[in-house]
Amino acid sequence: MKDIKVNDENGKFRLRVSGIILKNNKILVHETQKFKGYCLPGGHVEVGESTKQAILREMKEELNIDVKIIDLFCINENIYDTEGITNQEINYYYKLENLDFLPDQTFSVKEIDKSVEKEHKFVWIDINDLCDKNFKPNHMSKIIMENFDSKNNIILSDNREFYLSSI
């Protein structure tokens, strides 16, 4: 299947999903070398796939685990510029229950993604420390920390401002 994404001379658009797995007040994050920081595990939604199907698939691909969806935490429309290019993504953030074993310490998982082998490094960060880390998108660390017990939020953001509201 093809990822739902558009690249042209005007910018980039992505439809994504991200998973929030909490264990002992720590949140599982992907440590990325791309921007020397952290983000939640997840990936692109494919054409013909629901966001719920996508998050289950992505967790199996990236972490090699099965998960159960607890709730939709939020939908985030994020618009930002990098190197003169406008990026826009709509990301569905799901609270997940891990149904398989995950190590308590830092670990790596290899994945074959569209015929390319990738290695993902995962770490557990105390949920109260997210704002102290280089977590992307930047505004999501505070939203997760302050609103973790809520669900079904819509977050519209760009590099200048954001707001939170319930749907």
# chains A, B, ... in the order shown; residues from 1 in each chain; ligands from 1
>>> residues_around(residues="A:Gln33", least_positions_apart="2", cutoff="12 Å", atoms="only C-alpha atoms", output="ChimeraX atom specification")
/A:30-31,35-39,119-122,134
>>> write_last_selection(atoms="all heavy atoms", output="JSON list (two decimals), in the first residue's frame")
[["chain", "number", "residue", "atom", "x", "y", "z"],
["A", 30, "HIS", "N", 10.50, 7.03, 20.83],
["A", 30, "HIS", "CA", 11.48, 6.65, 19.81],
["A", 30, "HIS", "C", 12.60, 7.70, 19.85],
["A", 30, "HIS", "O", 12.32, 8.89, 19.73],
["A", 30, "HIS", "CB", 10.79, 6.62, 18.45],
["A", 30, "HIS", "CG", 11.69, 6.39, 17.30],
["A", 30, "HIS", "ND1", 11.47, 6.96, 16.08],
["A", 30, "HIS", "CD2", 12.81, 5.66, 17.16],
["A", 30, "HIS", "CE1", 12.42, 6.59, 15.24],
["A", 30, "HIS", "NE2", 13.24, 5.81, 15.87],
["A", 31, "GLU", "N", 13.82, 7.26, 20.05],
["A", 31, "GLU", "CA", 14.97, 8.17, 20.02],
["A", 31, "GLU", "C", 15.46, 8.24, 18.59],
["A", 31, "GLU", "O", 15.84, 7.24, 18.01],
["A", 31, "GLU", "CB", 16.09, 7.69, 20.94],
["A", 31, "GLU", "CG", 17.25, 8.63, 21.00],
["A", 31, "GLU", "CD", 18.33, 8.20, 21.98],
["A", 31, "GLU", "OE1", 18.10, 7.26, 22.77],
["A", 31, "GLU", "OE2", 19.41, 8.79, 21.94],
["A", 35, "PHE", "N", 16.74, 14.36, 14.27],
["A", 35, "PHE", "CA", 16.81, 15.68, 14.90],
["A", 35, "PHE", "C", 17.36, 15.60, 16.32],
["A", 35, "PHE", "O", 17.17, 16.50, 17.10],
["A", 35, "PHE", "CB", 15.43, 16.37, 14.88],
["A", 35, "PHE", "CG", 14.33, 15.59, 15.52],
["A", 35, "PHE", "CD1", 14.14, 15.62, 16.89],
["A", 35, "PHE", "CD2", 13.48, 14.83, 14.75],
["A", 35, "PHE", "CE1", 13.12, 14.90, 17.48],
["A", 35, "PHE", "CE2", 12.45, 14.12, 15.34],
["A", 35, "PHE", "CZ", 12.28, 14.15, 16.71],
["A", 36, "LYS", "N", 18.05, 14.51, 16.62],
["A", 36, "LYS", "CA", 18.69, 14.33, 17.94],
["A", 36, "LYS", "C", 17.68, 14.55, 19.07],
["A", 36, "LYS", "O", 17.87, 15.39, 19.94],
["A", 36, "LYS", "CB", 19.89, 15.26, 18.11],
["A", 36, "LYS", "CG", 20.93, 15.14, 17.02],
["A", 36, "LYS", "CD", 21.97, 14.12, 17.39],
["A", 36, "LYS", "CE", 23.12, 14.13, 16.42],
["A", 36, "LYS", "NZ", 23.06, 13.12, 15.42],
["A", 37, "GLY", "N", 16.58, 13.80, 19.01],
["A", 37, "GLY", "CA", 15.55, 13.96, 20.03],
["A", 37, "GLY", "C", 14.63, 12.77, 20.07],
["A", 37, "GLY", "O", 15.02, 11.65, 19.72],
["A", 38, "TYR", "N", 13.40, 13.02, 20.49],
["A", 38, "TYR", "CA", 12.44, 11.97, 20.75],
["A", 38, "TYR", "C", 11.09, 12.27, 20.10],
["A", 38, "TYR", "O", 10.72, 13.43, 19.96],
["A", 38, "TYR", "CB", 12.22, 11.81, 22.26],
["A", 38, "TYR", "CG", 13.49, 11.58, 23.02],
["A", 38, "TYR", "CD1", 14.17, 12.65, 23.60],
["A", 38, "TYR", "CD2", 14.01, 10.30, 23.17],
["A", 38, "TYR", "CE1", 15.35, 12.43, 24.30],
["A", 38, "TYR", "CE2", 15.19, 10.09, 23.86],
["A", 38, "TYR", "CZ", 15.86, 11.16, 24.43],
["A", 38, "TYR", "OH", 17.02, 10.95, 25.11],
["A", 39, "CYS", "N", 10.39, 11.21, 19.77],
["A", 39, "CYS", "CA", 9.01, 11.31, 19.31],
["A", 39, "CYS", "C", 8.31, 10.01, 19.70],
["A", 39, "CYS", "O", 8.96, 9.05, 20.12],
["A", 39, "CYS", "CB", 8.94, 11.56, 17.81],
["A", 39, "CYS", "SG", 9.68, 10.25, 16.81],
["A", 119, "GLU", "N", 16.55, 0.49, 11.89],
["A", 119, "GLU", "CA", 16.67, 0.12, 13.29],
["A", 119, "GLU", "C", 16.15, 1.27, 14.13],
["A", 119, "GLU", "O", 16.57, 2.41, 13.97],
["A", 119, "GLU", "CB", 18.11, -0.21, 13.67],
["A", 119, "GLU", "CG", 18.22, -0.73, 15.08],
["A", 119, "GLU", "CD", 19.57, -1.34, 15.39],
["A", 119, "GLU", "OE1", 20.38, -1.52, 14.46],
["A", 119, "GLU", "OE2", 19.81, -1.64, 16.56],
["A", 120, "HIS", "N", 15.21, 0.96, 15.02],
["A", 120, "HIS", "CA", 14.60, 1.97, 15.88],
["A", 120, "HIS", "C", 15.07, 1.76, 17.31],
["A", 120, "HIS", "O", 15.05, 0.65, 17.81],
["A", 120, "HIS", "CB", 13.07, 1.86, 15.84],
["A", 120, "HIS", "CG", 12.48, 1.96, 14.47],
["A", 120, "HIS", "ND1", 12.51, 3.12, 13.73],
["A", 120, "HIS", "CD2", 11.86, 1.03, 13.70],
["A", 120, "HIS", "CE1", 11.91, 2.91, 12.57],
["A", 120, "HIS", "NE2", 11.51, 1.65, 12.53],
["A", 121, "LYS", "N", 15.47, 2.86, 17.96],
["A", 121, "LYS", "CA", 15.88, 2.81, 19.36],
["A", 121, "LYS", "C", 14.77, 3.42, 20.20],
["A", 121, "LYS", "O", 14.28, 4.51, 19.90],
["A", 121, "LYS", "CB", 17.18, 3.60, 19.56],
["A", 121, "LYS", "CG", 17.73, 3.53, 20.96],
["A", 121, "LYS", "CD", 19.06, 4.25, 21.03],
["A", 121, "LYS", "CE", 19.62, 4.25, 22.43],
["A", 121, "LYS", "NZ", 20.86, 5.03, 22.50],
["A", 122, "PHE", "N", 14.37, 2.70, 21.26],
["A", 122, "PHE", "CA", 13.29, 3.14, 22.13],
["A", 122, "PHE", "C", 13.78, 3.28, 23.57],
["A", 122, "PHE", "O", 14.58, 2.47, 24.04],
["A", 122, "PHE", "CB", 12.12, 2.15, 22.08],
["A", 122, "PHE", "CG", 11.50, 2.05, 20.73],
["A", 122, "PHE", "CD1", 11.88, 1.06, 19.84],
["A", 122, "PHE", "CD2", 10.56, 2.98, 20.33],
["A", 122, "PHE", "CE1", 11.31, 0.98, 18.58],
["A", 122, "PHE", "CE2", 9.98, 2.91, 19.06],
["A", 122, "PHE", "CZ", 10.37, 1.91, 18.19],
["A", 134, "ASN", "N", 14.14, 17.02, 24.09],
["A", 134, "ASN", "CA", 13.90, 17.51, 22.72],
["A", 134, "ASN", "C", 12.85, 16.60, 22.09],
["A", 134, "ASN", "O", 13.15, 15.73, 21.30],
["A", 134, "ASN", "CB", 15.20, 17.51, 21.91],
["A", 134, "ASN", "CG", 14.99, 18.10, 20.53],
["A", 134, "ASN", "OD1", 14.05, 18.86, 20.29],
["A", 134, "ASN", "ND2", 15.87, 17.74, 19.60]]
>>> closest_atom_pairs(of="stretch 28-130 of chain A", to="stretch 14-18 of chain A", cutoff="8 Å", atoms="only C-alpha atoms", output="CSV")
residue,atom,partner,partner_atom,distance
A:Leu40,CA,A:Ser18,CA,5.8
A:Pro41,CA,A:Ser18,CA,5.6
A:Gly42,CA,A:Ser18,CA,4.2
A:Gly43,CA,A:Arg16,CA,5.4
A:His44,CA,A:Arg16,CA,4.3
A:Val45,CA,A:Arg16,CA,5.4
A:Thr51,CA,A:Val17,CA,6.5
A:Ala54,CA,A:Val17,CA,6.8
A:Ile55,CA,A:Val17,CA,5.8
A:Gln88,CA,A:Arg14,CA,6.5
A:Glu89,CA,A:Arg14,CA,4.6
A:Ile90,CA,A:Leu15,CA,5.1
A:Asn91,CA,A:Arg16,CA,4.6
A:Tyr92,CA,A:Val17,CA,4.7
A:Tyr93,CA,A:Ser18,CA,4.8
A:Tyr94,CA,A:Ser18,CA,6.3
>>> closest_residue(among="A:Glu97, A:Glu46, A:Glu111, A:Glu117", to="A:Glu61", atoms="only C-alpha atoms")
A:Glu111
>>> atom_distance(atom1="atom CA of A:Lys118", atom2="atom CA of A:Lys34")
12.8 Å
>>> residues_around(residues="A:Phe101", least_positions_apart="5", cutoff="10 Å", atoms="only C-alpha atoms", output="count of residues only")
3
>>> select_by_dssp(residues="stretch 45-126 of chain A", states="strand (DSSP E)", output="MDAnalysis selection string")
chainID A and resid 67:82 85:98 107:113 116:126
>>> atom_distance(atom1="atom CA of A:Leu28", atom2="atom CA of A:Val67")
13.1 Å
>>> residues_around(residues="A:Gln105", least_positions_apart="2", cutoff="8 Å", atoms="only C-alpha atoms", output="short mmCIF file (atom, residue, chain, number, x, y, z; two decimals) with N, CA, C and O atoms, in the first residue's frame")
data_model
loop_
_atom_site.label_atom_id
_atom_site.label_comp_id
_atom_site.auth_asym_id
_atom_site.auth_seq_id
_atom_site.Cartn_x
_atom_site.Cartn_y
_atom_site.Cartn_z
N PRO A 103 10.93 -4.44 27.16
CA PRO A 103 11.96 -4.27 28.20
C PRO A 103 11.79 -2.96 28.96
O PRO A 103 11.28 -1.98 28.42
N PHE A 107 15.99 -0.18 24.35
CA PHE A 107 16.08 -1.33 23.47
C PHE A 107 15.95 -0.88 22.02
O PHE A 107 15.50 0.22 21.74
N VAL A 123 13.28 4.32 24.23
CA VAL A 123 13.62 4.57 25.63
C VAL A 123 12.35 4.95 26.39
O VAL A 123 11.36 5.39 25.79
N TRP A 124 12.38 4.77 27.70
CA TRP A 124 11.29 5.17 28.57
C TRP A 124 11.66 6.48 29.24
O TRP A 124 12.74 6.60 29.81
#
>>> residues_around(residues="A:Asp81", least_positions_apart="2", cutoff="10 Å", atoms="only C-alpha atoms", output="list of chain:residue names")
A:Gly11, A:Lys12, A:Ile79, A:Glu83, A:Gly84, A:Ile85, A:Thr86, A:Asn87, A:Gln88, A:Asp158, A:Asn159
>>> write_last_selection(atoms="N, CA and C atoms", output="compact mmCIF listing (two decimals), in the first residue's frame")
# COMPACT_ATOMS: atom_id res chain seq x y z
N GLY A 11 5.23 22.17 -0.67
CA GLY A 11 5.46 21.62 0.65
C GLY A 11 5.13 20.15 0.74
N LYS A 12 4.92 19.70 1.99
CA LYS A 12 4.65 18.29 2.26
C LYS A 12 3.42 18.15 3.14
N ILE A 79 1.42 22.36 11.59
CA ILE A 79 1.98 23.04 10.43
C ILE A 79 3.28 23.70 10.86
N GLU A 83 13.63 24.41 6.61
CA GLU A 83 14.47 24.74 5.45
C GLU A 83 13.66 25.35 4.32
N GLY A 84 12.73 26.25 4.67
CA GLY A 84 11.94 26.96 3.68
C GLY A 84 10.80 26.17 3.08
N ILE A 85 10.54 24.97 3.59
CA ILE A 85 9.46 24.13 3.07
C ILE A 85 8.37 24.04 4.13
N THR A 86 7.12 24.24 3.72
CA THR A 86 5.99 24.11 4.63
C THR A 86 5.62 22.64 4.75
N ASN A 87 5.53 22.18 6.00
CA ASN A 87 5.13 20.82 6.31
C ASN A 87 3.81 20.87 7.04
N GLN A 88 2.90 20.01 6.68
CA GLN A 88 1.61 19.92 7.36
C GLN A 88 1.33 18.45 7.59
N ASP A 158 0.66 25.59 14.82
CA ASP A 158 1.69 25.94 13.87
C ASP A 158 2.89 26.36 14.69
N ASN A 159 3.92 26.88 14.06
CA ASN A 159 5.14 27.18 14.81
C ASN A 159 5.00 28.44 15.66
>>> select_by_dssp(residues="chain A", states="helix (DSSP H, G or I)", output="PyMOL selection string")
chain A and resi 51-63+127-132+138-147
>>> residues_around(residues="A:Ile27", least_positions_apart="6", cutoff="8 Å", atoms="only C-alpha atoms", output="ChimeraX atom specification")
/A:20-21,124-127
>>> write_last_selection(atoms="C-alpha atoms", output="short mmCIF file (atom, residue, chain, number, x, y, z; two decimals), in the first residue's frame")
data_model
loop_
_atom_site.label_atom_id
_atom_site.label_comp_id
_atom_site.auth_asym_id
_atom_site.auth_seq_id
_atom_site.Cartn_x
_atom_site.Cartn_y
_atom_site.Cartn_z
CA ILE A 20 1.20 6.52 23.68
CA ILE A 21 2.29 3.59 25.84
CA TRP A 124 11.29 5.17 28.57
CA ILE A 125 11.02 8.78 29.78
CA ASP A 126 9.19 9.87 32.90
CA ILE A 127 6.02 11.57 31.63
#
>>> atom_distance(atom1="atom CA of A:Phe13", atom2="atom CA of A:Arg57")
20.7 Å
>>> closest_residue(among="A:Glu146, A:Asn10, A:Val29, A:Val47", to="A:Thr106", atoms="only C-alpha atoms")
A:Val29
>>> closest_residue(among="A:Lys95, A:Lys133, A:Lys60, A:Lys68", to="A:Val109", atoms="only C-alpha atoms")
A:Lys60
>>> closest_residue(among="A:Asn98, A:Thr82, A:Asn152, A:Ser50", to="A:Gly19", atoms="only C-alpha atoms")
A:Asn98
>>> closest_residue(among="A:Ile75, A:Val6, A:Glu58, A:Asn25", to="A:Asp113", atoms="only C-alpha atoms")
A:Glu58
